[in-house]
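> To be precise about what I am sending: the file is called my_file-v4.cif and holds mmCIF, C-alpha atoms.
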```cif
data_input
loop_
_atom_site.label_atom_id
_atom_site.label_comp_id
_atom_site.auth_asym_id
_atom_site.auth_seq_id
_atom_site.Cartn_x
_atom_site.Cartn_y
_atom_site.Cartn_z
CA MET A 763 0.00 0.00 0.00
CA LEU A 764 2.92 2.30 0.61
CA ASN A 765 6.09 2.58 -1.41
CA GLN A 766 8.51 3.19 1.46
CA SER A 767 11.45 3.95 -0.80
CA LYS A 768 9.70 7.03 -2.17
CA ILE A 769 9.08 8.72 1.19
CA PRO A 770 11.85 11.12 2.21
CA GLN A 771 13.08 10.59 5.76
CA ALA A 772 12.06 14.16 6.69
CA THR A 773 8.47 13.26 5.75
CA ALA A 774 8.63 9.98 7.65
CA LYS A 775 9.75 11.85 10.75
CA ARG A 776 6.56 13.91 10.73
CA LEU A 777 4.23 10.90 10.55
CA PRO A 778 3.89 10.36 14.31
CA LEU A 779 3.08 14.06 14.66
CA TYR A 780 0.34 13.91 12.01
CA TYR A 781 -1.06 10.79 13.58
CA ARG A 782 -1.22 12.28 17.05
CA PHE A 783 -3.00 15.44 15.89
CA LEU A 784 -5.48 13.61 13.65
CA ASN A 785 -6.31 11.28 16.50
CA ASN A 786 -7.16 14.29 18.69
CA LEU A 787 -9.36 15.73 15.93
CA TYR A 788 -11.11 12.40 15.56
CA LEU A 789 -11.76 12.17 19.31
CA GLN A 790 -13.30 15.66 19.10
CA GLY A 791 -15.69 14.43 16.43
CA LYS A 792 -14.19 16.42 13.52
CA SER A 793 -14.73 14.82 10.12
CA ARG A 794 -12.47 16.96 7.93
CA VAL A 795 -9.47 19.23 8.20
CA SER A 796 -7.70 21.65 5.86
CA SER A 797 -3.94 21.77 5.41
CA LYS A 798 -4.10 25.30 6.83
CA GLU A 799 -5.77 24.11 10.04
CA LEU A 800 -3.28 21.26 10.30
CA SER A 801 -0.47 23.72 9.72
CA GLU A 802 -1.59 26.06 12.47
CA ALA A 803 -2.09 23.25 14.94
CA ILE A 804 1.11 21.31 14.43
CA LYS A 805 3.35 24.22 13.40
CA VAL A 806 4.45 22.73 10.10
CA ASP A 807 3.88 24.94 7.04
CA SER A 808 0.96 23.85 4.89
CA ALA A 809 3.02 23.52 1.70
CA THR A 810 5.13 20.93 3.51
CA ILE A 811 2.01 19.14 4.73
CA ARG A 812 0.57 18.95 1.21
CA ARG A 813 3.88 17.72 -0.18
CA ASP A 814 4.17 15.12 2.60
CA PHE A 815 0.63 13.88 1.96
CA SER A 816 1.27 13.69 -1.77
CA TYR A 817 3.77 10.92 -1.11
CA PHE A 818 0.83 8.81 0.07
CA GLY A 819 -1.32 9.62 -2.96
CA ALA A 820 -3.74 12.53 -3.55
CA LEU A 821 -5.64 12.53 -0.28
CA GLY A 822 -6.86 16.14 -0.21
CA LYS A 823 -9.53 18.02 -2.16
CA LYS A 824 -9.55 21.77 -2.88
CA GLY A 825 -12.21 23.50 -0.78
CA TYR A 826 -12.89 20.38 1.26
CA GLY A 827 -9.57 19.45 2.78
CA TYR A 828 -8.76 16.02 4.10
CA ASN A 829 -11.05 13.34 5.49
CA VAL A 830 -9.98 12.84 9.11
CA GLU A 831 -11.15 9.25 9.53
CA TYR A 832 -9.58 8.12 6.27
CA LEU A 833 -6.29 9.84 7.09
CA LEU A 834 -6.29 8.43 10.58
CA GLY A 835 -6.84 4.90 9.31
CA PHE A 836 -4.09 5.45 6.80
CA PHE A 837 -1.56 6.71 9.33
CA ARG A 838 -2.57 4.11 11.88
CA LYS A 839 -1.69 1.37 9.43
CA THR A 840 1.44 3.17 8.31
CA LEU A 841 2.72 3.67 11.85
CA ASP A 842 1.61 0.20 12.95
CA GLN A 843 -0.39 1.76 15.76
CA ASP A 844 -2.19 -1.49 16.35
CA GLU A 845 1.06 -3.18 17.27
CA ASN A 846 2.50 -2.63 20.73
CA THR A 847 6.23 -1.88 21.05
CA PRO A 848 7.88 -2.57 24.40
CA VAL A 849 10.76 -0.25 25.33
CA ALA A 850 13.50 -0.34 27.98
CA LEU A 851 15.04 2.72 29.63
CA VAL A 852 18.64 2.72 30.83
CA GLY A 853 19.74 5.37 33.36
CA VAL A 854 17.19 6.56 35.93
CA GLY A 855 18.59 10.04 36.64
CA ASN A 856 16.52 13.20 36.26
CA LEU A 857 16.07 12.75 32.51
CA GLY A 858 15.23 9.05 32.83
CA THR A 859 12.77 9.79 35.63
CA ALA A 860 11.09 12.43 33.46
CA PHE A 861 10.60 9.78 30.76
CA LEU A 862 9.17 7.27 33.21
CA ASN A 863 6.68 9.84 34.51
CA TYR A 864 5.73 10.85 31.00
CA ASN A 865 2.63 9.07 29.77
CA PHE A 866 3.77 7.43 26.55
CA THR A 867 0.65 5.36 26.19
CA LYS A 868 -1.81 8.23 25.85
CA ASN A 869 -1.74 8.50 22.07
CA ASN A 870 0.46 5.68 20.91
CA ASN A 871 1.54 2.14 21.53
CA THR A 872 5.09 2.50 22.74
CA LYS A 873 5.53 1.64 26.39
CA ILE A 874 8.51 1.61 28.73
CA GLU A 875 8.29 -1.82 30.36
CA VAL A 876 11.48 -1.92 32.38
CA ALA A 877 14.18 0.51 33.57
CA PHE A 878 17.81 -0.06 34.62
CA ASP A 879 20.23 1.75 36.88
CA VAL A 880 23.29 0.98 39.03
CA ASP A 881 22.16 2.90 42.12
CA GLU A 882 21.18 0.31 44.75
CA ALA A 883 18.84 2.85 46.36
CA LYS A 884 16.74 2.85 43.17
CA ILE A 885 16.73 -0.90 42.39
CA GLY A 886 13.39 -2.59 43.08
CA LYS A 887 11.49 0.74 43.26
CA LYS A 888 8.86 1.77 40.73
CA ILE A 889 8.42 5.06 38.88
CA GLY A 890 5.21 5.52 36.92
CA ASP A 891 4.49 1.80 37.27
CA VAL A 892 7.85 0.78 35.77
CA GLU A 893 10.19 -1.34 37.89
CA ILE A 894 13.84 -0.32 38.18
CA CYS A 895 16.22 -3.27 37.84
CA HIS A 896 19.97 -3.55 38.27
CA ILE A 897 21.91 -3.00 35.08
CA ASP A 898 23.42 -6.49 35.40
CA GLU A 899 19.95 -7.87 34.67
CA ILE A 900 19.85 -6.23 31.22
CA GLU A 901 20.76 -9.35 29.24
CA GLU A 902 18.04 -11.37 30.93
CA LYS A 903 15.27 -8.76 30.92
CA VAL A 904 15.46 -7.36 27.37
CA ALA A 905 14.96 -10.69 25.60
CA ASN A 906 11.66 -9.45 24.10
CA ILE A 907 12.65 -5.80 23.75
CA SER A 908 14.44 -4.23 20.78
CA VAL A 909 14.22 -0.50 21.61
CA VAL A 910 16.08 1.38 24.36
CA ILE A 911 15.98 4.96 25.62
CA LEU A 912 19.52 5.81 26.72
CA THR A 913 19.74 8.38 29.53
CA VAL A 914 22.99 7.36 31.24
CA PRO A 915 25.92 9.69 32.05
CA VAL A 916 28.00 10.49 28.95
CA SER A 917 31.00 8.58 30.38
CA GLU A 918 28.97 5.34 30.45
CA ALA A 919 27.22 5.72 27.10
CA GLN A 920 29.51 3.60 24.89
CA THR A 921 30.04 0.80 27.45
CA ILE A 922 26.30 0.46 28.05
CA THR A 923 25.60 0.66 24.31
CA ASP A 924 27.98 -2.25 23.65
CA ARG A 925 26.14 -4.32 26.27
CA LEU A 926 22.75 -3.41 24.82
CA VAL A 927 23.81 -4.35 21.30
CA ALA A 928 25.23 -7.65 22.54
CA ALA A 929 21.87 -8.29 24.23
CA GLY A 930 20.06 -7.87 20.89
CA ILE A 931 18.87 -4.25 21.03
CA THR A 932 18.45 -2.83 17.50
CA GLY A 933 17.19 0.71 18.17
CA ILE A 934 18.53 3.33 20.58
CA LEU A 935 17.09 6.75 21.35
CA ASN A 936 20.28 8.41 22.58
CA PHE A 937 19.72 11.36 24.92
CA THR A 938 23.34 11.57 26.04
CA PRO A 939 25.74 14.08 24.43
CA ALA A 940 27.87 11.07 23.36
CA ARG A 941 28.06 10.05 19.69
CA ILE A 942 27.85 6.31 20.23
CA THR A 943 29.26 3.73 17.82
CA VAL A 944 27.09 0.76 16.88
CA PRO A 945 27.07 -2.01 14.24
CA GLU A 946 25.40 -1.02 10.96
CA LYS A 947 22.21 -2.96 11.69
CA VAL A 948 21.47 -0.88 14.80
CA ARG A 949 19.56 2.38 14.37
CA VAL A 950 20.43 5.28 16.65
CA HIS A 951 18.40 8.48 16.86
CA HIS A 952 20.33 11.12 18.74
CA ILE A 953 18.75 14.01 20.60
CA ASP A 954 21.47 16.29 21.91
CA LEU A 955 20.00 18.92 24.20
CA ALA A 956 22.90 21.37 23.75
CA VAL A 957 22.73 21.05 19.97
CA GLU A 958 18.96 21.63 20.00
CA LEU A 959 19.45 24.80 22.02
CA GLN A 960 22.25 26.07 19.77
CA SER A 961 20.15 25.28 16.74
CA LEU A 962 17.21 27.33 18.06
CA VAL A 963 19.50 30.30 18.74
CA TYR A 964 21.01 30.00 15.28
CA PHE A 965 17.59 29.92 13.60
CA MET A 966 16.41 32.91 15.64
CA LYS A 967 19.38 34.94 14.41
CA HIS A 968 19.43 33.84 10.79
CA TYR A 969 15.96 32.73 9.73
CA PRO A 970 13.45 35.52 10.25
CA LEU A 971 9.98 34.02 10.44
CA GLU A 972 7.69 34.55 7.50
CA VAL A 973 3.93 34.74 7.29
CA ASN A 974 2.53 31.63 5.66
CA GLN A 975 -0.45 32.50 3.45
CA ASP A 976 -1.10 29.47 1.30
CA GLU A 977 -4.26 27.54 1.84
CA GLU A 978 -6.08 24.40 0.71
CA MET B 466 30.11 35.85 3.60
CA LEU B 467 27.19 33.53 3.73
CA ASN B 468 24.04 33.62 1.66
CA GLN B 469 21.56 32.51 4.31
CA SER B 470 18.66 32.22 1.89
CA LYS B 471 20.43 29.44 -0.02
CA ILE B 472 21.00 27.14 2.96
CA PRO B 473 18.22 24.59 3.46
CA GLN B 474 16.91 24.43 7.02
CA ALA B 475 17.92 20.76 7.29
CA THR B 476 21.52 21.81 6.61
CA ALA B 477 21.32 24.68 9.08
CA LYS B 478 20.13 22.27 11.77
CA ARG B 479 23.33 20.24 11.41
CA LEU B 480 25.65 23.24 11.84
CA PRO B 481 25.92 23.05 15.65
CA LEU B 482 26.76 19.36 15.32
CA TYR B 483 29.53 20.01 12.79
CA TYR B 484 30.88 22.80 14.95
CA ARG B 485 31.00 20.67 18.07
CA PHE B 486 32.81 17.80 16.40
CA LEU B 487 35.33 20.01 14.57
CA ASN B 488 36.09 21.78 17.83
CA ASN B 489 36.90 18.40 19.41
CA LEU B 490 39.18 17.52 16.48
CA TYR B 491 40.92 20.88 16.78
CA LEU B 492 41.48 20.41 20.51
CA GLN B 493 43.05 17.00 19.69
CA GLY B 494 45.49 18.72 17.33
CA LYS B 495 44.04 17.32 14.10
CA SER B 496 44.64 19.52 11.05
CA ARG B 497 42.44 17.81 8.47
CA VAL B 498 39.46 15.53 8.25
CA SER B 499 37.73 13.57 5.48
CA SER B 500 33.98 13.53 4.94
CA LYS B 501 34.13 9.80 5.70
CA GLU B 502 35.73 10.39 9.10
CA LEU B 503 33.22 13.14 9.82
CA SER B 504 30.44 10.81 8.75
CA GLU B 505 31.53 8.00 11.05
CA ALA B 506 31.95 10.32 14.00
CA ILE B 507 28.75 12.31 13.79
CA LYS B 508 26.54 9.63 12.19
CA VAL B 509 25.50 11.71 9.20
CA ASP B 510 26.17 10.11 5.81
CA SER B 511 29.13 11.58 3.95
CA ALA B 512 27.12 12.51 0.83
CA THR B 513 24.95 14.70 3.05
CA ILE B 514 28.04 16.25 4.65
CA ARG B 515 29.55 17.08 1.26
CA ARG B 516 26.27 18.55 0.05
CA ASP B 517 25.92 20.58 3.25
CA PHE B 518 29.45 21.92 2.93
CA SER B 519 28.90 22.81 -0.72
CA TYR B 520 26.36 25.42 0.39
CA PHE B 521 29.26 27.26 2.01
CA GLY B 522 31.47 27.01 -1.08
CA ALA B 523 33.96 24.32 -2.14
CA LEU B 524 35.77 23.68 1.11
CA GLY B 525 36.99 20.12 0.52
CA LYS B 526 39.70 18.65 -1.70
CA LYS B 527 39.75 15.10 -3.10
CA GLY B 528 42.39 13.01 -1.33
CA TYR B 529 43.01 15.70 1.28
CA GLY B 530 39.66 16.32 2.90
CA TYR B 531 38.79 19.45 4.80
CA ASN B 532 41.05 21.82 6.71
CA VAL B 533 39.90 21.65 10.33
CA GLU B 534 41.05 25.08 11.45
CA TYR B 535 39.53 26.80 8.43
CA LEU B 536 36.24 24.94 8.85
CA LEU B 537 36.16 25.68 12.55
CA GLY B 538 36.72 29.40 11.98
CA PHE B 539 34.02 29.31 9.34
CA PHE B 540 31.45 27.59 11.56
CA ARG B 541 32.40 29.67 14.57
CA LYS B 542 31.54 32.83 12.66
CA THR B 543 28.44 31.25 11.17
CA LEU B 544 27.10 30.11 14.50
CA ASP B 545 28.16 33.31 16.26
CA GLN B 546 30.12 31.25 18.75
CA ASP B 547 31.89 34.37 19.97
CA GLU B 548 28.62 35.81 21.14
CA ASN B 549 27.13 34.65 24.41
CA THR B 550 23.40 33.84 24.52
CA PRO B 551 21.68 33.89 27.91
CA VAL B 552 18.80 31.43 28.34
CA ALA B 553 16.02 31.03 30.91
CA LEU B 554 14.46 27.73 31.93
CA VAL B 555 10.83 27.51 33.06
CA GLY B 556 9.70 24.44 35.03
CA VAL B 557 12.21 22.79 37.40
CA GLY B 558 10.80 19.24 37.43
CA ASN B 559 12.88 16.21 36.49
CA LEU B 560 13.40 17.33 32.91
CA GLY B 561 14.24 20.92 33.92
CA THR B 562 16.65 19.66 36.59
CA ALA B 563 18.36 17.46 33.99
CA PHE B 564 18.90 20.55 31.82
CA LEU B 565 20.28 22.57 34.72
CA ASN B 566 22.75 19.81 35.57
CA TYR B 567 23.78 19.47 31.94
CA ASN B 568 26.91 21.42 31.12
CA PHE B 569 25.81 23.63 28.25
CA THR B 570 28.94 25.75 28.30
CA LYS B 571 31.42 23.01 27.42
CA ASN B 572 31.38 23.46 23.66
CA ASN B 573 29.19 26.44 23.06
CA ASN B 574 28.11 29.80 24.34
CA THR B 575 24.53 29.24 25.38
CA LYS B 576 24.02 29.38 29.13
CA ILE B 577 21.00 28.99 31.38
CA GLU B 578 21.18 32.06 33.61
CA VAL B 579 17.94 31.78 35.56
CA ALA B 580 15.23 29.17 36.23
CA PHE B 581 11.60 29.54 37.31
CA ASP B 582 9.13 27.36 39.14
CA VAL B 583 6.04 27.73 41.35
CA ASP B 584 7.13 25.26 44.07
CA GLU B 585 8.05 27.33 47.15
CA ALA B 586 10.37 24.52 48.31
CA LYS B 587 12.52 25.12 45.21
CA ILE B 588 12.54 28.93 45.13
CA GLY B 589 15.86 30.46 46.17
CA LYS B 590 17.76 27.18 45.75
CA LYS B 591 20.43 26.61 43.12
CA ILE B 592 20.92 23.71 40.71
CA GLY B 593 24.17 23.62 38.76
CA ASP B 594 24.87 27.23 39.79
CA VAL B 595 21.53 28.50 38.46
CA GLU B 596 19.16 30.20 40.88
CA ILE B 597 15.50 29.15 40.91
CA CYS B 598 13.12 32.11 41.09
CA HIS B 599 9.36 32.31 41.49
CA ILE B 600 7.49 32.36 38.22
CA ASP B 601 5.96 35.72 39.15
CA GLU B 602 9.44 37.21 38.76
CA ILE B 603 9.60 36.23 35.07
CA GLU B 604 8.73 39.66 33.67
CA GLU B 605 11.40 41.34 35.78
CA LYS B 606 14.19 38.75 35.30
CA VAL B 607 14.06 38.04 31.56
CA ALA B 608 14.58 41.66 30.44
CA ASN B 609 17.90 40.70 28.79
CA ILE B 610 16.92 37.18 27.78
CA SER B 611 15.20 36.19 24.53
CA VAL B 612 15.41 32.37 24.68
CA VAL B 613 13.51 30.01 26.99
CA ILE B 614 13.59 26.26 27.57
CA LEU B 615 10.04 25.23 28.42
CA THR B 616 9.77 22.19 30.72
CA VAL B 617 6.48 22.88 32.53
CA PRO B 618 3.54 20.44 32.83
CA VAL B 619 1.52 20.24 29.62
CA SER B 620 -1.49 21.86 31.32
CA GLU B 621 0.52 25.02 32.03
CA ALA B 622 2.34 25.26 28.68
CA GLN B 623 0.09 27.75 26.87
CA THR B 624 -0.50 30.05 29.88
CA ILE B 625 3.23 30.27 30.61
CA THR B 626 3.99 30.75 26.92
CA ASP B 627 1.62 33.73 26.76
CA ARG B 628 3.41 35.28 29.74
CA LEU B 629 6.82 34.65 28.22
CA VAL B 630 5.83 36.22 24.90
CA ALA B 631 4.36 39.24 26.71
CA ALA B 632 7.70 39.55 28.54
CA GLY B 633 9.57 39.76 25.22
CA ILE B 634 10.78 36.17 24.70
CA THR B 635 11.26 35.43 20.98
CA GLY B 636 12.51 31.83 21.02
CA ILE B 637 11.13 28.80 22.87
CA LEU B 638 12.57 25.29 23.02
CA ASN B 639 9.36 23.44 23.86
CA PHE B 640 9.89 20.12 25.64
CA THR B 641 6.25 19.70 26.63
CA PRO B 642 3.89 17.55 24.55
CA ALA B 643 1.76 20.69 24.02
CA ARG B 644 1.65 22.38 20.61
CA ILE B 645 1.84 25.96 21.82
CA THR B 646 0.46 28.94 19.90
CA VAL B 647 2.65 32.03 19.57
CA PRO B 648 2.71 35.23 17.47
CA GLU B 649 4.45 34.87 14.10
CA LYS B 650 7.61 36.64 15.25
CA VAL B 651 8.29 34.01 17.93
CA ARG B 652 10.23 30.89 16.94
CA VAL B 653 9.32 27.61 18.62
CA HIS B 654 11.34 24.42 18.26
CA HIS B 655 9.40 21.49 19.59
CA ILE B 656 10.95 18.30 20.93
CA ASP B 657 8.22 15.81 21.76
CA LEU B 658 9.63 12.80 23.56
CA ALA B 659 6.75 10.48 22.61
CA VAL B 660 6.99 11.49 18.94
CA GLU B 661 10.76 10.93 18.93
CA LEU B 662 10.23 7.44 20.32
CA GLN B 663 7.48 6.62 17.83
CA SER B 664 9.64 7.95 15.03
CA LEU B 665 12.55 5.68 16.01
CA VAL B 666 10.25 2.64 16.09
CA TYR B 667 8.81 3.59 12.70
CA PHE B 668 12.26 3.96 11.14
CA MET B 669 13.41 0.65 12.61
CA LYS B 670 10.46 -1.09 10.97
CA HIS B 671 10.49 0.63 7.61
CA TYR B 672 13.97 1.92 6.84
CA PRO B 673 16.48 -0.92 6.87
CA LEU B 674 19.95 0.50 7.41
CA GLU B 675 22.32 0.55 4.45
CA VAL B 676 26.08 0.42 4.31
CA ASN B 677 27.54 3.76 3.28
CA GLN B 678 30.53 3.29 1.00
CA ASP B 679 31.19 6.68 -0.58
CA GLU B 680 34.33 8.51 0.37
CA GLU B 681 36.12 11.83 -0.12
#
```
Could you take the file, read its structure, and then write that structure out as structure tokens?

Amino acid sequence: MLNQSKIPQATAKRLPLYYRFLNNLYLQGKSRVSSKELSEAIKVDSATIRRDFSYFGALGKKGYGYNVEYLLGFFRKTLDQDENTPVALVGVGNLGTAFLNYNFTKNNNTKIEVAFDVDEAKIGKKIGDVEICHIDEIEEKVANISVVILTVPVSEAQTITDRLVAAGITGILNFTPARITVPEKVRVHHIDLAVELQSLVYFMKHYPLEVNQDEE
Amino acid sequence: MLNQSKIPQATAKRLPLYYRFLNNLYLQGKSRVSSKELSEAIKVDSATIRRDFSYFGALGKKGYGYNVEYLLGFFRKTLDQDENTPVALVGVGNLGTAFLNYNFTKNNNTKIEVAFDVDEAKIGKKIGDVEICHIDEIEEKVANISVVILTVPVSEAQTITDRLVAAGITGILNFTPARITVPEKVRVHHIDLAVELQSLVYFMKHYPLEVNQDEE
């Protein structure tokens, strides 16, 4: 139904965002939405939205917009929303704790099922219903898990990554400032807080915001 | 020296990353670097790096690579690294505390100078050298600050944003799940933890990783 090779990665990255917003619209009983409304709500310009949607076929109609239920069904299938993905979190410091308290299950089917740390004071406790285990239990406890959120200190990032990869982890959301090295089959998405902040400052200085007037 | 309008935003977003890595190379005494080395270190494919660099003119040479010191000087000017940017943080929960403990000043010149919360138990305390003030002091304390990191509960995000904008803030790094509404002159970069996680899972399922063999 979907020719994956034709979708640019930048478009693919916006899919969860589209899904989440359309799901909210659907819950509110809305049956259609224009690219302009979508644009204002999710802060992506409407030309980009129309181009993104075009990769999935011509889903919109001039003067009508997009059918919410159809789109939602489409994105649900595309994002495999009906399939649950268990996730492990490694490093229960402030950032890790924030993740555990965050309600991932509200609009999607990713769920942190287990967390790991080395601090004996934390082992055996629960945060947001997730048990904290000792890091030496990783190999045993991630047998059915392929995705990890990495929130360990930067000095531990590579060592822990090597252990995770050896235990069969194939996807890592890296929140440490470390650029970790992994085998080619393992996907790493890196969110570097300092880089995000620098990037915002750079855009503020160099990319004056423009009024977006196109409509569909 | 730089025609901003010709640089795609995706390229601009990678600039802080390039800068950080080149600065590390420079500190290690390296004088040149190939796009392949850069690619392996920062996990961006080398074709993308070469295309990015081409927007700044032909900086690389076949068989030699790029001159580190020249590149570093170039990026330093481009990113205004010589100029210090003060930042405020609003919401000292787990995520906000993680930011305050994070050493932003190591490789760049953005610095959190003040933090705000409503919890009386936190007011007047310091985390990582940053004083926590009551949120009612925002208007008075951000007179010289234009950038804010937003780490408040989702229910407070829009109300606080309105106050920040009224106080003259023009850039917000939004770490709440809320899609906040701001006047057109205000730039918001949104990092949604749930969306990042969903995106990783989606990419793992649909974008098998390929070996990158090009070289410069």
> Can you write out as a tab-separated table which residues of chain B fall within 6 Å of chain A, alongside each residue's closest atom pair and its distance in Å to one decimal, counting only C-alpha atoms and ordering rows by chain and ascending residue number?

```
residue	atom	partner	partner_atom	distance
B:Lys478	CA	A:Ser961	CA	5.8
B:Pro481	CA	A:Val957	CA	5.7
B:Asn559	CA	A:Asn856	CA	4.7
B:Leu560	CA	A:Leu857	CA	5.3
B:Ala563	CA	A:Asn856	CA	5.2
B:Phe569	CA	A:Ala956	CA	5.8
B:Lys650	CA	A:Leu971	CA	6.0
B:Ala659	CA	A:Phe866	CA	5.8
B:Val660	CA	A:Pro778	CA	5.7
B:Ser664	CA	A:Lys775	CA	5.8
B:Leu674	CA	A:Lys947	CA	5.9
```
> Please evaluate the PyMOL selection byres ((chain A and resi 824-835) around 9) against the displayed coordinates and give the resulting residues as a list in words.
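So the PyMOL selection byres ((chain A and resi 824-835) around 9) ends up selecting Tyr780, Tyr781, Leu784, Asn785, Leu787, Tyr788, Lys792, Ser793, Arg794, Val795, Ser796, Ser797, Lys798, Leu821, Gly822, Lys823, Phe836, Phe837, Arg838, Lys839, Thr840 and Glu978 of chain A.
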> Include C-alpha atoms and write out the residues we just selected as a short mmCIF file (atom, residue, chain, number, x, y, z; two decimals), in the frame of the given file.

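That gives us out_8.cif:
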```cif
data_model
loop_
_atom_site.label_atom_id
_atom_site.label_comp_id
_atom_site.auth_asym_id
_atom_site.auth_seq_id
_atom_site.Cartn_x
_atom_site.Cartn_y
_atom_site.Cartn_z
CA TYR A 780 0.34 13.91 12.01
CA TYR A 781 -1.06 10.79 13.58
CA LEU A 784 -5.48 13.61 13.65
CA ASN A 785 -6.31 11.28 16.50
CA LEU A 787 -9.36 15.73 15.93
CA TYR A 788 -11.11 12.40 15.56
CA LYS A 792 -14.19 16.42 13.52
CA SER A 793 -14.73 14.82 10.12
CA ARG A 794 -12.47 16.96 7.93
CA VAL A 795 -9.47 19.23 8.20
CA SER A 796 -7.70 21.65 5.86
CA SER A 797 -3.94 21.77 5.41
CA LYS A 798 -4.10 25.30 6.83
CA LEU A 821 -5.64 12.53 -0.28
CA GLY A 822 -6.86 16.14 -0.21
CA LYS A 823 -9.53 18.02 -2.16
CA PHE A 836 -4.09 5.45 6.80
CA PHE A 837 -1.56 6.71 9.33
CA ARG A 838 -2.57 4.11 11.88
CA LYS A 839 -1.69 1.37 9.43
CA THR A 840 1.44 3.17 8.31
CA GLU A 978 -6.08 24.40 0.71
#
```
> Could you state the separation of atom CA of Lys887 of chain A and atom CA of Val916 of chain A in Å, given to one decimal place?
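Between atom CA of Lys887 of chain A and atom CA of Val916 of chain A the gap works out to 23.9 Å.
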> Here is a test: counting only C-alpha atoms, which residue of B:Pro473, B:Glu596, B:Ile634, B:Ala553 is nearest to Arg516 of chain B?
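Among B:Pro473, B:Glu596, B:Ile634, B:Ala553, it is B:Pro473 that comes nearest to Arg516 of chain B.
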> Quick one, how far is atom CA of Thr513 of chain B from atom CA of Ile472 of chain B?
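It comes out at 13.1 Å.
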> Can you report as JSON the centre and edge lengths in Å, to one decimal, of an axis-aligned box around the listed atoms of segment 576-585 of chain B padded with 6 Å on each side?

```
{"center_x": 15.0, "center_y": 28.7, "center_z": 38.1, "size_x": 30.0, "size_y": 18.8, "size_z": 30.0}
```
